[in-house]
file protein.cif (mmCIF, C-alpha atoms)
data_model
#
loop_
_atom_site.label_atom_id
_atom_site.label_comp_id
_atom_site.auth_asym_id
_atom_site.auth_seq_id
_atom_site.Cartn_x
_atom_site.Cartn_y
_atom_site.Cartn_z
CA MET R 198 -3.61 -33.55 -7.76
CA THR R 199 -2.77 -34.21 -4.09
CA ILE R 200 0.94 -34.30 -4.79
CA ARG R 201 0.78 -31.09 -6.74
CA VAL R 202 -0.98 -29.19 -3.98
CA SER R 203 1.39 -30.31 -1.26
CA VAL R 204 4.43 -29.26 -3.31
CA VAL R 205 2.93 -25.84 -3.84
CA GLU R 206 2.37 -25.56 -0.09
CA ASN R 207 5.99 -26.37 0.61
CA ILE R 208 7.18 -23.77 -1.85
CA MET R 209 4.85 -21.21 -0.30
CA SER R 210 6.13 -21.92 3.15
CA ALA R 211 9.75 -21.44 2.05
CA ASN R 212 8.72 -18.27 0.27
CA ASP R 213 7.07 -16.93 3.43
CA GLN R 214 10.24 -17.48 5.42
CA LEU R 215 12.28 -15.57 2.87
CA ALA R 216 9.68 -12.83 2.78
CA ASP R 217 10.15 -12.40 6.52
CA THR R 218 13.92 -12.16 5.96
CA ASN R 219 13.39 -9.48 3.31
CA ARG R 220 11.15 -7.54 5.69
CA ALA R 221 13.78 -7.71 8.43
CA ARG R 222 16.37 -6.27 6.04
CA PHE R 223 14.06 -3.43 5.03
CA ASP R 224 13.34 -2.62 8.68
CA ALA R 225 17.00 -2.78 9.69
CA ALA R 226 17.76 -0.22 6.99
CA GLY R 227 14.62 1.86 7.64
CA VAL R 228 13.34 1.35 4.09
CA PHE R 229 9.61 1.45 3.44
CA ALA R 230 8.89 -1.06 0.66
CA ILE R 231 5.82 -1.37 -1.57
CA ASN R 232 4.86 -3.96 -4.17
CA LEU R 233 2.89 -2.86 -7.25
CA MET R 234 0.81 -5.51 -9.00
CA ALA R 235 -1.39 -5.24 -12.12
CA SER R 236 -2.41 -6.73 -15.42
CA PRO R 237 0.04 -6.23 -18.29
CA GLY R 238 -0.10 -2.62 -19.43
CA ALA R 239 -2.18 -1.19 -16.59
CA GLY R 240 0.48 1.45 -15.95
CA LYS R 241 2.78 0.17 -13.23
CA THR R 242 5.93 1.80 -14.63
CA SER R 243 4.09 5.03 -15.37
CA LEU R 244 2.84 5.19 -11.77
CA ILE R 245 6.37 4.53 -10.53
CA THR R 246 8.01 7.24 -12.64
CA ARG R 247 5.28 9.76 -11.71
CA THR R 248 5.63 8.87 -8.03
CA ILE R 249 9.42 9.20 -8.12
CA GLU R 250 9.12 12.63 -9.75
CA ALA R 251 6.65 13.79 -7.09
CA LEU R 252 8.36 12.40 -3.99
CA ARG R 253 12.06 12.50 -4.83
CA GLY R 254 12.47 15.92 -3.18
CA ASP R 255 11.56 14.45 0.20
CA PHE R 256 12.54 10.78 0.03
CA ARG R 257 15.42 8.72 -1.34
CA ILE R 258 13.84 6.23 -3.72
CA ALA R 259 14.86 3.14 -5.68
CA ALA R 260 12.97 0.60 -7.76
CA VAL R 261 13.08 -3.09 -8.59
CA ASP R 262 11.29 -4.03 -11.82
CA GLY R 263 10.15 -7.57 -12.53
CA ASP R 264 9.52 -8.78 -16.08
CA ILE R 265 9.72 -12.01 -18.03
CA ALA R 266 12.18 -10.33 -20.41
CA THR R 267 13.76 -6.97 -21.38
CA THR R 268 15.03 -4.06 -19.25
CA ILE R 269 12.48 -1.61 -20.68
CA ASP R 270 10.94 -0.81 -17.29
CA ALA R 271 14.13 -0.45 -15.28
CA ASP R 272 15.56 1.71 -18.06
CA ARG R 273 12.59 4.08 -17.75
CA VAL R 274 13.16 4.36 -14.00
CA ALA R 275 16.94 4.66 -14.26
CA ALA R 276 16.47 7.52 -16.73
CA LEU R 277 15.21 9.53 -13.73
CA GLY R 278 18.57 9.06 -12.03
CA VAL R 279 17.44 6.73 -9.26
CA PRO R 280 18.79 3.22 -8.59
CA ALA R 281 16.85 0.64 -10.61
CA VAL R 282 17.33 -3.11 -10.76
CA GLN R 283 15.63 -5.25 -13.39
CA ILE R 284 14.76 -8.83 -12.48
CA ASN R 285 14.11 -10.95 -15.56
CA THR R 286 12.16 -13.94 -14.35
CA GLY R 287 12.88 -15.87 -17.55
CA GLY R 288 9.35 -17.18 -17.81
CA SER R 289 8.10 -17.12 -14.24
CA CYS R 290 4.77 -15.34 -13.97
CA HIS R 291 5.43 -13.50 -10.72
CA LEU R 292 8.16 -12.23 -8.42
CA ASP R 293 8.83 -14.28 -5.32
CA ALA R 294 10.78 -13.54 -2.16
CA VAL R 295 13.94 -15.24 -3.47
CA MET R 296 14.01 -13.11 -6.60
CA LEU R 297 13.56 -9.93 -4.58
CA GLN R 298 16.22 -11.05 -2.12
CA SER R 299 18.66 -11.52 -5.01
CA ALA R 300 18.12 -7.90 -6.10
CA LEU R 301 18.70 -6.32 -2.68
CA PRO R 302 22.53 -6.51 -2.62
CA GLN R 303 22.52 -4.32 -5.72
CA LEU R 304 20.71 -1.51 -3.89
CA PRO R 305 22.03 1.00 -1.33
CA LEU R 306 19.39 0.08 1.26
CA ASP R 307 20.94 2.17 4.04
CA ALA R 308 20.68 5.24 1.84
CA LEU R 309 17.02 4.73 0.88
CA ASP R 310 13.65 5.74 2.33
CA LEU R 311 11.36 4.09 -0.21
CA LEU R 312 11.75 0.98 -2.37
CA ILE R 313 9.16 0.44 -5.08
CA VAL R 314 8.88 -3.12 -6.40
CA GLU R 315 7.14 -3.60 -9.74
CA ASN R 316 5.81 -7.13 -10.06
CA VAL R 317 5.33 -9.07 -13.31
CA GLY R 318 2.16 -8.04 -15.16
CA ASN R 319 -0.33 -10.66 -14.00
CA LEU R 320 -3.61 -10.37 -12.12
CA VAL R 321 -3.43 -13.84 -10.59
CA CYS R 322 -0.13 -15.37 -9.53
CA PRO R 323 1.69 -12.49 -7.79
CA ALA R 324 -1.05 -12.45 -5.15
CA ALA R 325 0.13 -15.86 -3.93
CA PHE R 326 3.76 -14.96 -3.25
CA ARG R 327 4.54 -12.60 -0.36
CA LEU R 328 7.65 -10.50 -0.92
CA GLY R 329 8.11 -9.05 2.56
CA VAL R 330 7.10 -5.50 1.62
CA HIS R 331 5.07 -3.19 3.86
CA LEU R 332 2.28 -2.48 1.39
CA ASP R 333 0.78 -4.34 -1.55
CA VAL R 334 -0.79 -2.04 -4.13
CA LEU R 335 -2.95 -3.05 -7.09
CA ILE R 336 -3.24 -0.93 -10.22
CA ALA R 337 -6.38 -1.50 -12.25
CA SER R 338 -7.09 0.44 -15.44
CA VAL R 339 -10.26 1.53 -17.16
CA PRO R 340 -9.73 -0.35 -20.46
CA GLU R 341 -9.58 -3.67 -18.57
CA GLY R 342 -13.28 -3.42 -17.76
CA ASP R 343 -15.33 -2.92 -14.62
CA ASP R 344 -15.87 -6.64 -13.92
CA LYS R 345 -12.31 -7.41 -12.85
CA PRO R 346 -12.88 -7.39 -9.05
CA TYR R 347 -15.56 -10.03 -9.58
CA LYS R 348 -13.38 -12.19 -11.83
CA TYR R 349 -10.07 -11.89 -9.94
CA PRO R 350 -11.19 -11.77 -6.29
CA THR R 351 -7.99 -13.12 -4.77
CA MET R 352 -5.92 -10.23 -6.06
CA TYR R 353 -8.43 -7.58 -5.03
CA ARG R 354 -8.91 -9.15 -1.60
CA GLY R 355 -5.23 -9.17 -0.72
CA VAL R 356 -4.06 -5.62 -1.34
CA ASP R 357 -3.68 -2.54 0.87
CA ALA R 358 -4.49 0.10 -1.74
CA LEU R 359 -6.05 0.25 -5.20
CA VAL R 360 -5.21 2.66 -8.01
CA LEU R 361 -7.62 2.90 -10.96
CA ASN R 362 -5.49 4.27 -13.80
CA LYS R 363 -6.37 5.67 -17.27
CA MET R 364 -9.35 7.63 -15.98
CA ASP R 365 -8.69 10.04 -18.89
CA VAL R 366 -10.14 7.50 -21.34
CA LEU R 367 -13.25 6.73 -19.27
CA PRO R 368 -15.59 8.33 -21.87
CA ALA R 369 -14.29 5.91 -24.54
CA PHE R 370 -15.11 2.76 -22.55
CA ASP R 371 -18.19 1.11 -21.07
CA PHE R 372 -16.82 1.25 -17.54
CA ASN R 373 -19.17 1.81 -14.59
CA VAL R 374 -17.03 3.10 -11.71
CA ASP R 375 -19.81 2.40 -9.17
CA TYR R 376 -20.15 -1.24 -10.29
CA PHE R 377 -16.38 -1.64 -10.18
CA HIS R 378 -16.11 -0.09 -6.72
CA ARG R 379 -19.00 -2.11 -5.30
CA GLY R 380 -17.13 -5.25 -6.35
CA VAL R 381 -14.01 -4.00 -4.59
CA GLU R 382 -15.89 -3.10 -1.41
CA ALA R 383 -17.48 -6.56 -1.22
CA LEU R 384 -14.01 -8.12 -1.19
CA ASN R 385 -11.97 -5.54 0.66
CA PRO R 386 -14.16 -3.08 2.60
CA GLY R 387 -12.74 0.41 3.07
CA LEU R 388 -9.78 -0.24 0.74
CA ALA R 389 -7.90 2.98 -0.06
CA PHE R 390 -8.98 3.81 -3.64
CA PHE R 391 -7.33 6.25 -6.04
CA PRO R 392 -8.94 6.84 -9.43
CA LEU R 393 -6.38 8.81 -11.47
CA SER R 394 -4.61 9.27 -14.77
CA CYS R 395 -0.86 8.86 -14.97
CA LYS R 396 -1.07 10.46 -18.41
CA THR R 397 -2.80 13.72 -17.47
CA GLY R 398 -1.87 13.73 -13.77
CA ALA R 399 -5.51 14.10 -12.71
CA GLY R 400 -6.19 12.55 -9.31
CA MET R 401 -2.55 11.79 -8.58
CA ASP R 402 -2.20 14.25 -5.67
CA ALA R 403 -4.42 12.08 -3.46
CA TRP R 404 -2.18 9.06 -4.17
CA PHE R 405 0.98 11.06 -3.46
CA ALA R 406 -0.47 12.44 -0.21
CA TRP R 407 -1.56 9.00 0.98
CA LEU R 408 1.80 7.43 0.17
CA ARG R 409 3.63 10.27 1.96
CA GLU R 410 1.47 9.59 5.03
CA GLN R 411 2.30 5.87 4.93
CA ILE R 412 6.03 6.55 4.72
CA ALA R 413 5.88 9.17 7.47
CA ALA R 414 3.96 6.81 9.78
CA TYR R 415 6.58 4.11 9.14
CA GLN R 416 9.46 6.45 9.88
CA SER R 417 7.99 7.86 13.08
CA MET F 76 14.91 -25.28 -7.21
CA THR F 77 15.79 -28.60 -8.80
CA ILE F 78 12.89 -30.36 -7.12
CA ARG F 79 10.49 -27.64 -8.12
CA VAL F 80 11.47 -27.79 -11.80
CA SER F 81 11.24 -31.55 -12.03
CA VAL F 82 7.77 -31.54 -10.49
CA VAL F 83 6.65 -28.97 -13.02
CA GLU F 84 8.02 -31.16 -15.80
CA ASN F 85 6.04 -34.14 -14.53
CA ILE F 86 2.87 -32.10 -14.40
CA MET F 87 3.51 -30.82 -17.92
CA SER F 88 4.05 -34.31 -19.22
CA ALA F 89 0.76 -35.50 -17.72
CA ASN F 90 -0.93 -32.43 -19.12
CA ASP F 91 0.44 -33.15 -22.60
CA GLN F 92 -0.95 -36.67 -22.49
CA LEU F 93 -4.39 -35.37 -21.56
CA ALA F 94 -4.13 -32.70 -24.25
CA ASP F 95 -3.61 -35.48 -26.79
CA THR F 96 -6.69 -37.24 -25.43
CA ASN F 97 -8.73 -34.05 -25.80
CA ARG F 98 -7.51 -33.66 -29.38
CA ALA F 99 -8.51 -37.23 -30.19
CA ARG F 100 -12.02 -36.55 -28.87
CA PHE F 101 -12.32 -33.39 -30.95
CA ASP F 102 -11.17 -35.20 -34.07
CA ALA F 103 -13.45 -38.19 -33.47
CA ALA F 104 -16.37 -35.76 -33.33
CA GLY F 105 -15.10 -33.55 -36.16
CA VAL F 106 -14.94 -30.46 -33.94
CA PHE F 107 -12.43 -27.73 -34.73
CA ALA F 108 -11.28 -26.29 -31.40
CA ILE F 109 -9.49 -23.00 -30.73
CA ASN F 110 -8.03 -21.56 -27.51
CA LEU F 111 -8.19 -17.79 -26.94
CA MET F 112 -5.60 -16.31 -24.60
CA ALA F 113 -5.12 -12.69 -23.47
CA SER F 114 -4.48 -10.30 -20.63
CA PRO F 115 -7.46 -9.55 -18.39
CA GLY F 116 -9.88 -7.31 -20.25
CA ALA F 117 -8.32 -7.53 -23.72
CA GLY F 118 -11.68 -8.57 -25.15
CA LYS F 119 -11.77 -12.37 -25.27
CA THR F 120 -15.48 -12.67 -24.57
CA SER F 121 -16.29 -9.81 -26.94
CA LEU F 122 -14.37 -11.53 -29.74
CA ILE F 123 -16.20 -14.78 -28.97
CA THR F 124 -19.68 -13.26 -29.02
CA ARG F 125 -18.89 -11.32 -32.24
CA THR F 126 -17.50 -14.46 -33.86
CA ILE F 127 -20.51 -16.55 -32.88
CA GLU F 128 -22.85 -13.92 -34.33
CA ALA F 129 -20.91 -13.88 -37.60
CA LEU F 130 -20.37 -17.62 -38.09
CA ARG F 131 -23.42 -19.21 -36.50
CA GLY F 132 -25.26 -19.31 -39.81
CA ASP F 133 -22.68 -21.70 -41.22
CA PHE F 134 -21.27 -23.56 -38.24
CA ARG F 135 -22.58 -25.12 -35.03
CA ILE F 136 -20.64 -23.43 -32.24
CA ALA F 137 -20.14 -23.82 -28.48
CA ALA F 138 -17.85 -22.18 -25.95
CA VAL F 139 -15.97 -23.05 -22.79
CA ASP F 140 -15.08 -20.06 -20.60
CA GLY F 141 -12.32 -20.19 -17.99
CA ASP F 142 -12.23 -17.77 -15.09
CA ILE F 143 -11.07 -17.73 -11.50
CA ALA F 144 -14.61 -16.91 -10.40
CA THR F 145 -18.07 -15.90 -11.67
CA THR F 146 -20.11 -17.07 -14.67
CA ILE F 147 -20.14 -13.61 -16.28
CA ASP F 148 -18.44 -14.77 -19.47
CA ALA F 149 -20.39 -17.99 -20.04
CA ASP F 150 -23.60 -16.06 -19.35
CA ARG F 151 -22.73 -13.61 -22.12
CA VAL F 152 -22.16 -16.48 -24.54
CA ALA F 153 -25.22 -18.46 -23.41
CA ALA F 154 -27.33 -15.36 -23.99
CA LEU F 155 -26.69 -15.94 -27.71
CA GLY F 156 -28.38 -19.32 -27.44
CA VAL F 157 -25.29 -21.50 -27.94
CA PRO F 158 -23.99 -24.11 -25.47
CA ALA F 159 -21.61 -22.49 -22.98
CA VAL F 160 -19.76 -24.08 -20.08
CA GLN F 161 -18.03 -22.01 -17.41
CA ILE F 162 -14.96 -23.48 -15.74
CA ASN F 163 -14.17 -21.71 -12.48
CA THR F 164 -10.56 -22.52 -11.73
CA GLY F 165 -10.91 -21.43 -8.12
CA GLY F 166 -7.60 -19.63 -8.11
CA SER F 167 -5.63 -21.36 -10.83
CA CYS F 168 -4.15 -18.88 -13.29
CA HIS F 169 -4.74 -20.89 -16.46
CA LEU F 170 -6.79 -23.68 -17.96
CA ASP F 171 -5.11 -27.03 -18.31
CA ALA F 172 -6.03 -30.16 -20.25
CA VAL F 173 -7.75 -31.77 -17.24
CA MET F 174 -10.03 -28.79 -16.73
CA LEU F 175 -10.99 -28.75 -20.38
CA GLN F 176 -11.54 -32.50 -20.34
CA SER F 177 -13.94 -32.12 -17.42
CA ALA F 178 -16.04 -29.66 -19.43
CA LEU F 179 -16.38 -31.81 -22.56
CA PRO F 180 -19.08 -34.24 -21.28
CA GLN F 181 -21.33 -31.22 -20.85
CA LEU F 182 -21.11 -30.34 -24.54
CA PRO F 183 -22.82 -32.01 -27.55
CA LEU F 184 -19.52 -32.59 -29.35
CA ASP F 185 -21.07 -34.70 -32.12
CA ALA F 186 -23.40 -31.82 -32.97
CA LEU F 187 -20.67 -29.15 -33.13
CA ASP F 188 -18.36 -27.76 -35.81
CA LEU F 189 -16.44 -25.22 -33.72
CA LEU F 190 -15.53 -25.10 -30.04
CA ILE F 191 -14.12 -21.83 -28.72
CA VAL F 192 -12.20 -22.09 -25.46
CA GLU F 193 -11.64 -18.87 -23.52
CA ASN F 194 -8.64 -19.18 -21.23
CA VAL F 195 -8.12 -17.33 -17.93
CA GLY F 196 -6.97 -13.73 -18.44
CA ASN F 197 -3.22 -14.05 -18.12
CA LEU F 198 -0.38 -13.29 -20.54
CA VAL F 199 2.03 -15.79 -19.02
CA CYS F 200 0.84 -19.10 -17.60
CA PRO F 201 -1.70 -20.32 -20.19
CA ALA F 202 1.13 -20.53 -22.75
CA ALA F 203 2.66 -23.38 -20.76
CA PHE F 204 -0.35 -25.71 -20.73
CA ARG F 205 -1.45 -27.32 -24.00
CA LEU F 206 -5.17 -28.01 -24.14
CA GLY F 207 -5.32 -30.19 -27.25
CA VAL F 208 -7.00 -27.58 -29.45
CA HIS F 209 -6.18 -27.06 -33.14
CA LEU F 210 -5.31 -23.37 -32.92
CA ASP F 211 -4.00 -21.10 -30.19
CA VAL F 212 -5.01 -17.47 -30.65
CA LEU F 213 -3.72 -14.46 -28.71
CA ILE F 214 -5.75 -11.28 -28.29
CA ALA F 215 -3.69 -8.18 -27.55
CA SER F 216 -5.33 -4.78 -27.10
CA VAL F 217 -4.17 -1.24 -27.77
CA PRO F 218 -4.44 0.05 -24.16
CA GLU F 219 -1.98 -2.61 -22.97
CA GLY F 220 0.84 -0.87 -24.81
CA ASP F 221 3.02 -1.67 -27.79
CA ASP F 222 5.87 -3.25 -25.78
CA LYS F 223 4.03 -6.43 -24.83
CA PRO F 224 5.60 -8.76 -27.46
CA TYR F 225 9.01 -7.77 -26.08
CA LYS F 226 8.01 -8.31 -22.45
CA TYR F 227 5.96 -11.51 -22.85
CA PRO F 228 7.84 -13.37 -25.61
CA THR F 229 6.75 -16.88 -24.64
CA MET F 230 3.09 -16.13 -25.22
CA TYR F 231 3.68 -14.35 -28.52
CA ARG F 232 6.02 -17.07 -29.74
CA GLY F 233 3.60 -19.92 -29.15
CA VAL F 234 0.41 -18.82 -30.90
CA ASP F 235 -1.04 -19.45 -34.37
CA ALA F 236 -2.82 -16.12 -34.81
CA LEU F 237 -2.83 -12.69 -33.19
CA VAL F 238 -5.76 -10.30 -32.84
CA LEU F 239 -5.03 -6.69 -31.85
CA ASN F 240 -8.30 -5.44 -30.36
CA LYS F 241 -9.56 -1.95 -29.40
CA MET F 242 -8.15 -0.31 -32.52
CA ASP F 243 -10.97 2.24 -32.16
CA VAL F 244 -9.13 3.89 -29.25
CA LEU F 245 -5.74 4.01 -30.99
CA PRO F 246 -5.75 7.85 -31.16
CA ALA F 247 -6.08 8.03 -27.35
CA PHE F 248 -2.98 5.93 -26.66
CA ASP F 249 0.74 6.10 -27.38
CA PHE F 250 0.72 2.85 -29.34
CA ASN F 251 3.02 2.38 -32.32
CA VAL F 252 1.56 -0.44 -34.42
CA ASP F 253 4.82 -0.81 -36.40
CA TYR F 254 6.89 -1.19 -33.24
CA PHE F 255 4.39 -3.70 -31.87
CA HIS F 256 4.33 -5.72 -35.09
CA ARG F 257 8.12 -5.73 -35.45
CA GLY F 258 8.29 -7.29 -31.99
CA VAL F 259 5.78 -9.93 -33.05
CA GLU F 260 7.61 -10.71 -36.29
CA ALA F 261 10.91 -11.20 -34.45
CA LEU F 262 9.29 -13.90 -32.31
CA ASN F 263 6.82 -15.48 -34.69
CA PRO F 264 7.55 -14.59 -38.34
CA GLY F 265 4.56 -14.44 -40.63
CA LEU F 266 2.05 -14.81 -37.80
CA ALA F 267 -1.52 -14.16 -38.99
CA PHE F 268 -2.32 -10.69 -37.61
CA PHE F 269 -5.75 -9.07 -37.29
CA PRO F 270 -5.97 -5.47 -36.02
CA LEU F 271 -9.65 -4.84 -35.32
CA SER F 272 -12.25 -3.41 -32.98
CA CYS F 273 -14.84 -5.68 -31.41
CA LYS F 274 -16.69 -2.51 -30.40
CA THR F 275 -17.08 -0.92 -33.85
CA GLY F 276 -16.63 -4.08 -35.91
CA ALA F 277 -13.86 -2.50 -38.00
CA GLY F 278 -11.37 -5.07 -39.25
CA MET F 279 -13.39 -8.06 -38.09
CA ASP F 280 -14.22 -9.37 -41.56
CA ALA F 281 -10.60 -10.41 -42.12
CA TRP F 282 -10.66 -12.40 -38.88
CA PHE F 283 -13.98 -14.06 -39.76
CA ALA F 284 -12.74 -14.97 -43.25
CA TRP F 285 -9.50 -16.43 -41.92
CA LEU F 286 -11.29 -18.49 -39.27
CA ARG F 287 -13.78 -19.77 -41.86
CA GLU F 288 -10.84 -20.90 -44.00
CA GLN F 289 -9.25 -22.73 -41.07
CA ILE F 290 -12.48 -24.57 -40.26
CA ALA F 291 -13.10 -25.43 -43.92
CA ALA F 292 -9.55 -26.77 -44.29
CA TYR F 293 -10.07 -28.93 -41.20
CA GLN F 294 -13.37 -30.28 -42.42
CA SER F 295 -12.13 -31.15 -45.91
#
call {"tool": "encode", "arguments": {"input": "protein.cif", "output": "structure tokens"}}
result
Amino acid sequence: MTIRVSVVENIMSANDQLADTNRARFDAAGVFAINLMASPGAGKTSLITRTIEALRGDFRIAAVDGDIATTIDADRVAALGVPAVQINTGGSCHLDAVMLQSALPQLPLDALDLLIVENVGNLVCPAAFRLGVHLDVLIASVPEGDDKPYKYPTMYRGVDALVLNKMDVLPAFDFNVDYFHRGVEALNPGLAFFPLSCKTGAGMDAWFAWLREQIAAYQS
Amino acid sequence: MTIRVSVVENIMSANDQLADTNRARFDAAGVFAINLMASPGAGKTSLITRTIEALRGDFRIAAVDGDIATTIDADRVAALGVPAVQINTGGSCHLDAVMLQSALPQLPLDALDLLIVENVGNLVCPAAFRLGVHLDVLIASVPEGDDKPYKYPTMYRGVDALVLNKMDVLPAFDFNVDYFHRGVEALNPGLAFFPLSCKTGAGMDAWFAWLREQIAAYQS
């Protein structure tokens, strides 16, 4: 076990250095970058396409989509006419800084304001690998259940904003929003929290407004 | 990268050896063991509690529950009056053979017919670590979306049975069961497939009957 842990630490350290390099490239180009993490099927791609539709009038946007396999997600984003790069991890359960670095030459960074990175669907491993973005965002969803902050504390503790998607199906599930949010607050007090539905659009304006503010603050 | 891969291979090899040891202990005691894997919130614990309620009249059952943190799941199982051991992985994204081995001394193996192991909620990493059980079962759920076999092929390829849970909310989601099942069949032809709802109980009899058959075949 000792050997295993020390190897992981070495990998992490190399990853952190590359994350810093990614950040420097974003800042040199003036690109605000965010990393979206979630369980499989929580709605990462839906949030991305909705966000692109809402903000594309004011910002130049591109996306990087991470998945084990397929280009389903990048295809959905590219259908909106914005640059989209799919990273197929080929089995790896998360994006790391090297993978993101390898995607950057395929993007017109100098002609972008916002880069949205969609991580692999996984509520554990992506939290351990910094990418060099400016904001880490977690998307939870009602069908997953209200106990997830308690069961996956590392992920909830490490993010800068939390979206709770699929609020439209709340009546069909035993999901106590107060219990869920108390668990979040215990781990990450004051975390920006956006209950919404990507399907109906309800609650999305608050997310759009907050993200606009973050980009504006970065650009000023 | 070369160093990283070779280390992973060494860990896997050690894990496989321990998985064989676990299997030998199950077989010496005559315990049929299954491993349930799924995304966070797909309904692993609900399937376990339902299955215990249905089969406890005929079989002596215990459960091992893996989670990053909390004893929520083992508490739910223990509330049914069966032996339940919680493994808190403390950050690890999957159970491995060592973790399962460490739980076994706390269970009355000689007085059991069925051991149900609940893996950490994760659609990627658990597929890479054999535990030594007799059957690996995947639980998908309708809200996750019908593209998951295409995006997470390794998990779908490696299992012996597939439950599709939360069928009761099918009308509320854009989920095409045919598209989903075609993706499954391409990876794992003829895979035993059980669409059901742990909430309403619909479809569960087929799962119970199939599991009874598997246990009976093992015992004979």
call {"tool": "closest_atom_pairs", "arguments": {"input": "protein.cif", "of": "chain R", "to": "chain F", "cutoff": "10 Å", "atoms": "all atoms listed in the file", "output": "CSV"}}
result
residue,atom,partner,partner_atom,distance
R:Met198,CA,F:Ile86,CA,9.4
R:Ile200,CA,F:Val82,CA,9.3
R:Arg201,CA,F:Val82,CA,7.9
R:Val204,CA,F:Arg79,CA,7.9
R:Val205,CA,F:Arg79,CA,8.9
R:Asn207,CA,F:Arg79,CA,9.9
R:Ile208,CA,F:Arg79,CA,8.1
R:Ala235,CA,F:Pro115,CA,9.7
R:Ser236,CA,F:Pro115,CA,6.5
R:Pro237,CA,F:Glu219,CA,6.3
R:Gly238,CA,F:Glu219,CA,4.0
R:Ala239,CA,F:Glu219,CA,6.5
R:Gly240,CA,F:Glu219,CA,8.5
R:Asp264,CA,F:Lys226,CA,6.6
R:Ile265,CA,F:Lys226,CA,6.0
R:Ala266,CA,F:Lys226,CA,5.1
R:Thr267,CA,F:Lys226,CA,6.0
R:Thr268,CA,F:Lys226,CA,8.8
R:Ile269,CA,F:Lys226,CA,8.2
R:Asp270,CA,F:Lys226,CA,9.6
R:Asn285,CA,F:Lys226,CA,9.6
R:Gly287,CA,F:Thr229,CA,9.4
R:Gly288,CA,F:Thr229,CA,7.3
R:Ser289,CA,F:Val199,CA,7.8
R:Cys290,CA,F:Val199,CA,5.8
R:His291,CA,F:Val199,CA,9.3
R:Val317,CA,F:Val199,CA,9.4
R:Gly318,CA,F:Leu198,CA,7.9
R:Asn319,CA,F:Asn197,CA,6.1
R:Leu320,CA,F:Asn197,CA,7.0
R:Val321,CA,F:Cys168,CA,5.8
R:Cys322,CA,F:Cys168,CA,6.5
R:Ala325,CA,F:Gly166,CA,9.6
R:Ser338,CA,F:Pro218,CA,9.1
R:Val339,CA,F:Pro218,CA,9.2
R:Pro340,CA,F:Pro218,CA,6.5
R:Glu341,CA,F:Gly116,CA,4.0
R:Gly342,CA,F:Gly116,CA,5.7
R:Asp343,CA,F:Gly116,CA,9.0
R:Asp344,CA,F:Ile147,CA,8.5
R:Lys345,CA,F:Pro115,CA,7.7
R:Pro346,CA,F:Ala144,CA,9.8
R:Tyr347,CA,F:Thr145,CA,6.7
R:Lys348,CA,F:Ala144,CA,5.1
R:Tyr349,CA,F:Ile143,CA,6.1
R:Pro350,CA,F:Ala144,CA,7.4
R:Thr351,CA,F:Gly166,CA,7.3
R:Met352,CA,F:Gly166,CA,9.8
R:Lys363,CA,F:Pro218,CA,9.1
R:Asp365,CA,F:Ala247,CA,9.1
R:Val366,CA,F:Ala247,CA,7.3
R:Ala369,CA,F:Val244,CA,7.3
R:Phe370,CA,F:Val244,CA,9.1
R:Lys396,CA,F:Phe248,CA,9.6
call {"tool": "resolve_selection", "arguments": {"input": "protein.cif", "expression": "the PyMOL selection byres ((chain F and resi 291-295) around 8)", "output": "PDB file with C-alpha atoms, keeping the file's coordinate frame"}}
result
ATOM      1  CA  GLY F 105     -15.100 -33.550 -36.160  1.00  0.00           C
ATOM      2  CA  PHE F 107     -12.430 -27.730 -34.730  1.00  0.00           C
ATOM      3  CA  ARG F 287     -13.780 -19.770 -41.860  1.00  0.00           C
ATOM      4  CA  GLU F 288     -10.840 -20.900 -44.000  1.00  0.00           C
ATOM      5  CA  GLN F 289      -9.250 -22.730 -41.070  1.00  0.00           C
ATOM      6  CA  ILE F 290     -12.480 -24.570 -40.260  1.00  0.00           C
TER       7      ILE F 290
END
call {"tool": "atom_distance", "arguments": {"input": "protein.cif", "atom1": "atom CA of Arg232 of chain F", "atom2": "atom CA of Asn263 of chain F"}}
result
5.3 Å
call {"tool": "closest_residue", "arguments": {"input": "protein.cif", "among": "R:Asp255, R:Asp293, R:Asp224, R:Asp262", "to": "Ala211 of chain R", "atoms": "all atoms listed in the file"}}
result
R:Asp293
call {"tool": "closest_residue", "arguments": {"input": "protein.cif", "among": "R:Leu393, R:Val228, R:Leu292, R:Leu361", "to": "His378 of chain R", "atoms": "all atoms listed in the file"}}
result
R:Leu361
call {"tool": "residues_near_point", "arguments": {"input": "protein.cif", "point": "(-19.1, -26.0, -28.7)", "cutoff": "7 Å", "atoms": "only C-alpha atoms", "output": "ChimeraX atom specification"}}
result
/F:136-138,158,182,184,187,189-191
call {"tool": "atom_distance", "arguments": {"input": "protein.cif", "atom1": "atom CA of Asn316 of chain R", "atom2": "atom CA of Thr246 of chain R"}}
result
14.8 Å
call {"tool": "atom_distance", "arguments": {"input": "protein.cif", "atom1": "atom CA of Leu384 of chain R", "atom2": "atom CA of Asp357 of chain R"}}
result
11.9 Å
call {"tool": "resolve_selection", "arguments": {"input": "protein.cif", "expression": "the PyMOL selection byres ((chain R and resi 217) around 12)", "output": "list in words"}}
result
Ser210, Ala211, Asn212, Asp213, Gln214, Leu215, Ala216, Thr218, Asn219, Arg220, Ala221, Arg222, Phe223, Asp224, Ala294, Val295, Leu297, Gln298, Phe326, Arg327, Leu328, Gly329, Val330 and His331 of chain R
call {"tool": "resolve_selection", "arguments": {"input": "protein.cif", "expression": "the PyMOL selection byres ((chain R and resi 386) around 12)", "output": "ChimeraX atom specification"}}
result
/R:353-359,378-385,387-390
